[in-house]
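Asker: Next comes the structure file target_11.json, holding JSON, N, CA and C atoms and all ligand atoms.
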[["chain", "number", "residue", "atom", "x", "y", "z"],
["A", 5, "MET", "N", 0.84, -1.20, 0.00],
["A", 5, "MET", "CA", 0.00, 0.00, 0.00],
["A", 5, "MET", "C", 0.88, 1.25, 0.00],
["A", 6, "SER", "N", 0.65, 2.12, -0.92],
["A", 6, "SER", "CA", 1.48, 3.30, -1.07],
["A", 6, "SER", "C", 1.08, 4.40, -0.10],
["A", 7, "ASP", "N", 2.04, 5.20, 0.29],
["A", 7, "ASP", "CA", 1.76, 6.35, 1.15],
["A", 7, "ASP", "C", 1.47, 7.60, 0.34],
["A", 8, "GLU", "N", 1.53, 7.47, -0.96],
["A", 8, "GLU", "CA", 1.43, 8.67, -1.80],
["A", 8, "GLU", "C", 0.14, 9.43, -1.62],
["A", 9, "ASN", "N", -0.92, 8.70, -1.34],
["A", 9, "ASN", "CA", -2.21, 9.36, -1.26],
["A", 9, "ASN", "C", -2.71, 9.49, 0.17],
["A", 10, "ARG", "N", -1.75, 9.57, 1.07],
["A", 10, "ARG", "CA", -2.13, 9.79, 2.46],
["A", 10, "ARG", "C", -1.59, 11.13, 2.94],
["A", 11, "CYS", "N", -2.40, 11.80, 3.74],
["A", 11, "CYS", "CA", -1.98, 13.08, 4.30],
["A", 11, "CYS", "C", -0.74, 12.86, 5.18],
["A", 12, "THR", "N", 0.29, 13.65, 4.95],
["A", 12, "THR", "CA", 1.52, 13.51, 5.70],
["A", 12, "THR", "C", 1.31, 13.85, 7.18],
["A", 13, "SER", "N", 0.39, 14.73, 7.46],
["A", 13, "SER", "CA", 0.18, 15.17, 8.84],
["A", 13, "SER", "C", -0.69, 14.21, 9.64],
["A", 14, "CYS", "N", -1.85, 13.85, 9.12],
["A", 14, "CYS", "CA", -2.79, 13.06, 9.90],
["A", 14, "CYS", "C", -2.96, 11.64, 9.39],
["A", 15, "GLY", "N", -2.47, 11.36, 8.19],
["A", 15, "GLY", "CA", -2.51, 10.01, 7.67],
["A", 15, "GLY", "C", -3.81, 9.60, 7.02],
["A", 16, "ILE", "N", -4.73, 10.53, 6.90],
["A", 16, "ILE", "CA", -5.99, 10.23, 6.26],
["A", 16, "ILE", "C", -5.76, 9.93, 4.78],
["A", 17, "THR", "N", -6.56, 9.04, 4.24],
["A", 17, "THR", "CA", -6.45, 8.73, 2.83],
["A", 17, "THR", "C", -7.09, 9.85, 2.03],
["A", 18, "LEU", "N", -6.35, 10.31, 1.03],
["A", 18, "LEU", "CA", -6.82, 11.44, 0.24],
["A", 18, "LEU", "C", -7.52, 10.95, -1.02],
["A", 19, "ILE", "N", -8.81, 11.15, -1.07],
["A", 19, "ILE", "CA", -9.56, 10.73, -2.24],
["A", 19, "ILE", "C", -10.50, 11.86, -2.65],
["A", 20, "GLY", "N", -10.19, 12.46, -3.76],
["A", 20, "GLY", "CA", -11.09, 13.44, -4.34],
["A", 20, "GLY", "C", -11.33, 14.67, -3.48],
["A", 21, "LEU", "N", -10.43, 14.90, -2.55],
["A", 21, "LEU", "CA", -10.58, 16.10, -1.73],
["A", 21, "LEU", "C", -9.68, 17.19, -2.29],
["A", 22, "ARG", "N", -9.82, 18.35, -1.73],
["A", 22, "ARG", "CA", -8.99, 19.46, -2.19],
["A", 22, "ARG", "C", -7.70, 19.45, -1.38],
["A", 23, "ASN", "N", -6.76, 18.67, -1.87],
["A", 23, "ASN", "CA", -5.53, 18.48, -1.14],
["A", 23, "ASN", "C", -4.41, 19.33, -1.72],
["A", 24, "THR", "N", -3.38, 19.48, -0.93],
["A", 24, "THR", "CA", -2.19, 20.17, -1.38],
["A", 24, "THR", "C", -1.05, 19.17, -1.44],
["A", 25, "VAL", "N", -0.38, 19.10, -2.57],
["A", 25, "VAL", "CA", 0.74, 18.18, -2.74],
["A", 25, "VAL", "C", 1.93, 18.98, -3.23],
["A", 26, "PHE", "N", 3.04, 18.86, -2.52],
["A", 26, "PHE", "CA", 4.22, 19.62, -2.92],
["A", 26, "PHE", "C", 5.47, 18.90, -2.43],
["A", 27, "PRO", "N", 6.60, 19.09, -3.09],
["A", 27, "PRO", "CA", 7.84, 18.46, -2.63],
["A", 27, "PRO", "C", 8.32, 19.12, -1.35],
["A", 28, "CYS", "N", 9.05, 18.36, -0.56],
["A", 28, "CYS", "CA", 9.61, 18.91, 0.68],
["A", 28, "CYS", "C", 10.44, 20.14, 0.35],
["A", 29, "PRO", "N", 10.16, 21.28, 1.02],
["A", 29, "PRO", "CA", 10.89, 22.52, 0.74],
["A", 29, "PRO", "C", 12.36, 22.46, 1.16],
["A", 30, "GLU", "N", 12.70, 21.47, 1.96],
["A", 30, "GLU", "CA", 14.07, 21.37, 2.44],
["A", 30, "GLU", "C", 14.93, 20.49, 1.53],
["A", 31, "CYS", "N", 14.47, 19.27, 1.30],
["A", 31, "CYS", "CA", 15.29, 18.33, 0.53],
["A", 31, "CYS", "C", 14.72, 18.06, -0.86],
["A", 32, "GLY", "N", 13.43, 18.30, -1.03],
["A", 32, "GLY", "CA", 12.83, 18.08, -2.34],
["A", 32, "GLY", "C", 12.71, 16.61, -2.74],
["A", 33, "VAL", "N", 13.07, 15.73, -1.83],
["A", 33, "VAL", "CA", 13.05, 14.30, -2.14],
["A", 33, "VAL", "C", 11.66, 13.71, -1.97],
["A", 34, "THR", "N", 11.06, 14.03, -0.84],
["A", 34, "THR", "CA", 9.76, 13.46, -0.54],
["A", 34, "THR", "C", 8.63, 14.38, -0.99],
["A", 35, "THR", "N", 7.48, 13.81, -1.14],
["A", 35, "THR", "CA", 6.30, 14.59, -1.48],
["A", 35, "THR", "C", 5.43, 14.74, -0.24],
["A", 36, "ILE", "N", 5.11, 15.97, 0.07],
["A", 36, "ILE", "CA", 4.26, 16.25, 1.22],
["A", 36, "ILE", "C", 2.82, 16.32, 0.75],
["A", 37, "ASN", "N", 1.97, 15.55, 1.37],
["A", 37, "ASN", "CA", 0.55, 15.60, 1.07],
["A", 37, "ASN", "C", -0.18, 16.21, 2.26],
["A", 38, "ARG", "N", -1.05, 17.12, 1.98],
["A", 38, "ARG", "CA", -1.82, 17.69, 3.08],
["A", 38, "ARG", "C", -3.29, 17.73, 2.70],
["A", 39, "CYS", "N", -4.10, 17.23, 3.58],
["A", 39, "CYS", "CA", -5.53, 17.27, 3.33],
["A", 39, "CYS", "C", -6.03, 18.69, 3.63],
["A", 40, "LYS", "N", -7.23, 18.95, 3.20],
["A", 40, "LYS", "CA", -7.77, 20.29, 3.37],
["A", 40, "LYS", "C", -7.86, 20.68, 4.83],
["A", 41, "ARG", "N", -8.23, 19.71, 5.66],
["A", 41, "ARG", "CA", -8.38, 20.00, 7.08],
["A", 41, "ARG", "C", -7.06, 20.43, 7.71],
["A", 42, "CYS", "N", -5.99, 19.68, 7.42],
["A", 42, "CYS", "CA", -4.69, 20.01, 7.99],
["A", 42, "CYS", "C", -4.18, 21.34, 7.45],
["A", 43, "ARG", "N", -4.44, 21.58, 6.20],
["A", 43, "ARG", "CA", -3.99, 22.84, 5.63],
["A", 43, "ARG", "C", -4.72, 24.01, 6.30],
["A", 44, "ASP", "N", -6.01, 23.87, 6.45],
["A", 44, "ASP", "CA", -6.80, 24.94, 7.08],
["A", 44, "ASP", "C", -6.38, 25.16, 8.53],
["A", 45, "GLN", "N", -6.06, 24.08, 9.21],
["A", 45, "GLN", "CA", -5.73, 24.19, 10.63],
["A", 45, "GLN", "C", -4.24, 24.40, 10.86],
["A", 46, "GLY", "N", -3.47, 24.39, 9.79],
["A", 46, "GLY", "CA", -2.04, 24.63, 9.93],
["A", 46, "GLY", "C", -1.31, 23.53, 10.68],
["A", 47, "GLU", "N", -1.78, 22.30, 10.52],
["A", 47, "GLU", "CA", -1.13, 21.17, 11.18],
["A", 47, "GLU", "C", 0.30, 21.01, 10.65],
["A", 48, "ALA", "N", 1.20, 20.66, 11.54],
["A", 48, "ALA", "CA", 2.59, 20.48, 11.15],
["A", 48, "ALA", "C", 2.77, 19.18, 10.40],
["A", 49, "TYR", "N", 3.77, 19.15, 9.54],
["A", 49, "TYR", "CA", 4.14, 17.92, 8.86],
["A", 49, "TYR", "C", 5.63, 17.70, 9.10],
["A", 50, "GLU", "N", 6.06, 16.47, 8.93],
["A", 50, "GLU", "CA", 7.48, 16.19, 9.08],
["A", 50, "GLU", "C", 7.93, 15.34, 7.92],
["A", 51, "CYS", "N", 8.99, 15.79, 7.27],
["A", 51, "CYS", "CA", 9.54, 15.05, 6.14],
["A", 51, "CYS", "C", 10.20, 13.77, 6.64],
["A", 52, "SER", "N", 9.84, 12.66, 6.02],
["A", 52, "SER", "CA", 10.40, 11.38, 6.45],
["A", 52, "SER", "C", 11.84, 11.21, 5.99],
["A", 53, "GLU", "N", 12.27, 12.07, 5.08],
["A", 53, "GLU", "CA", 13.61, 11.95, 4.53],
["A", 53, "GLU", "C", 14.62, 12.79, 5.31],
["A", 54, "CYS", "N", 14.31, 14.06, 5.53],
["A", 54, "CYS", "CA", 15.28, 14.96, 6.16],
["A", 54, "CYS", "C", 14.82, 15.44, 7.54],
["A", 55, "GLY", "N", 13.60, 15.13, 7.91],
["A", 55, "GLY", "CA", 13.12, 15.52, 9.22],
["A", 55, "GLY", "C", 12.65, 16.96, 9.29],
["A", 56, "PHE", "N", 12.57, 17.62, 8.16],
["A", 56, "PHE", "CA", 12.10, 18.99, 8.14],
["A", 56, "PHE", "C", 10.66, 19.07, 8.66],
["A", 57, "ARG", "N", 10.42, 20.04, 9.51],
["A", 57, "ARG", "CA", 9.06, 20.26, 10.00],
["A", 57, "ARG", "C", 8.57, 21.61, 9.53],
["A", 58, "GLY", "N", 7.34, 21.62, 9.12],
["A", 58, "GLY", "CA", 6.79, 22.88, 8.65],
["A", 58, "GLY", "C", 5.29, 22.95, 8.87],
["A", 59, "PRO", "N", 4.76, 24.11, 8.85],
["A", 59, "PRO", "CA", 3.32, 24.31, 9.00],
["A", 59, "PRO", "C", 2.59, 24.11, 7.67],
["A", 101, "ZN", "ZN", -4.46, 15.73, 7.22],
["A", 102, "ZN", "ZN", 12.78, 16.74, 3.32]]
Can I see the file as structure tokens?

Answerer:
Amino acid sequence: MSDENRCTSCGITLIGLRNTVFPCPECGVTTINRCKRCRDQGEAYECSECGFRGP
């Protein structure tokens, strides 16, 4: 099962929602997925590759 379609912050499966997907601003290796809820609430995410944390 791939992690590509899971929110990096809360782990919810992203299906047809208004999500934000972008490469890690620090290392650019991993893809950060954020669901609408986490984006709206400013939940933190952590890059699994470099450990970068961001809002
Ligand atoms: Zn989320
Ligand atoms: Zn990173």

Asker: Taking only N, CA and C atoms and all ligand atoms and a cut-off of 6.5 Å, can you tell me which residues surround ligand ZN 101 (chain A), written as a ChimeraX atom specification?

Answerer: /A:11-16,38-43

Asker: May I have the residues within 12 Å of ligand ZN 102 (chain A), computed using only C-alpha atoms and all ligand atoms, as a ChimeraX atom specification?

Answerer: /A:12,26-36,49-58

Asker: Could you find all residues in chain A that DSSP calls strand (DSSP E or B) from the backbone, and write them as a list in words?

Answerer: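 Everything in chain A that counts as strand (DSSP E or B) is Arg10, Thr17, Thr24, Val25, Phe26, Pro27, Thr35, Ile36, Asn37, Arg38, Tyr49, Glu50, Arg57 and Gly58 of chain A.
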
Asker: Using backbone DSSP assignments, extract all helix (DSSP H, G or I) residues from chain A; output them as a PDB file with N, CA and C atoms, in the coordinates of the input.

Answerer:
ATOM      1  N   LYS A  40      -7.230  18.950   3.200  1.00  0.00           N
ATOM      2  CA  LYS A  40      -7.770  20.290   3.370  1.00  0.00           C
ATOM      3  C   LYS A  40      -7.860  20.680   4.830  1.00  0.00           C
ATOM      4  N   ARG A  41      -8.230  19.710   5.660  1.00  0.00           N
ATOM      5  CA  ARG A  41      -8.380  20.000   7.080  1.00  0.00           C
ATOM      6  C   ARG A  41      -7.060  20.430   7.710  1.00  0.00           C
ATOM      7  N   CYS A  42      -5.990  19.680   7.420  1.00  0.00           N
ATOM      8  CA  CYS A  42      -4.690  20.010   7.990  1.00  0.00           C
ATOM      9  C   CYS A  42      -4.180  21.340   7.450  1.00  0.00           C
ATOM     10  N   ARG A  43      -4.440  21.580   6.200  1.00  0.00           N
ATOM     11  CA  ARG A  43      -3.990  22.840   5.630  1.00  0.00           C
ATOM     12  C   ARG A  43      -4.720  24.010   6.300  1.00  0.00           C
ATOM     13  N   ASP A  44      -6.010  23.870   6.450  1.00  0.00           N
ATOM     14  CA  ASP A  44      -6.800  24.940   7.080  1.00  0.00           C
ATOM     15  C   ASP A  44      -6.380  25.160   8.530  1.00  0.00           C
ATOM     16  N   GLN A  45      -6.060  24.080   9.210  1.00  0.00           N
ATOM     17  CA  GLN A  45      -5.730  24.190  10.630  1.00  0.00           C
ATOM     18  C   GLN A  45      -4.240  24.400  10.860  1.00  0.00           C
TER      19      GLN A  45
END

Asker: One decimal, in Å: what's the spacing between atom CA of Asn37 of chain A and atom CA of Leu18 of chain A?

Answerer: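 Computing the Euclidean distance for atom CA of Asn37 of chain A and atom CA of Leu18 of chain A yields 8.5 Å.
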
Asker: To one decimal place, how far is atom CA of Ile19 of chain A from atom C of Ala48 of chain A in Å?

Answerer: 19.6 Å
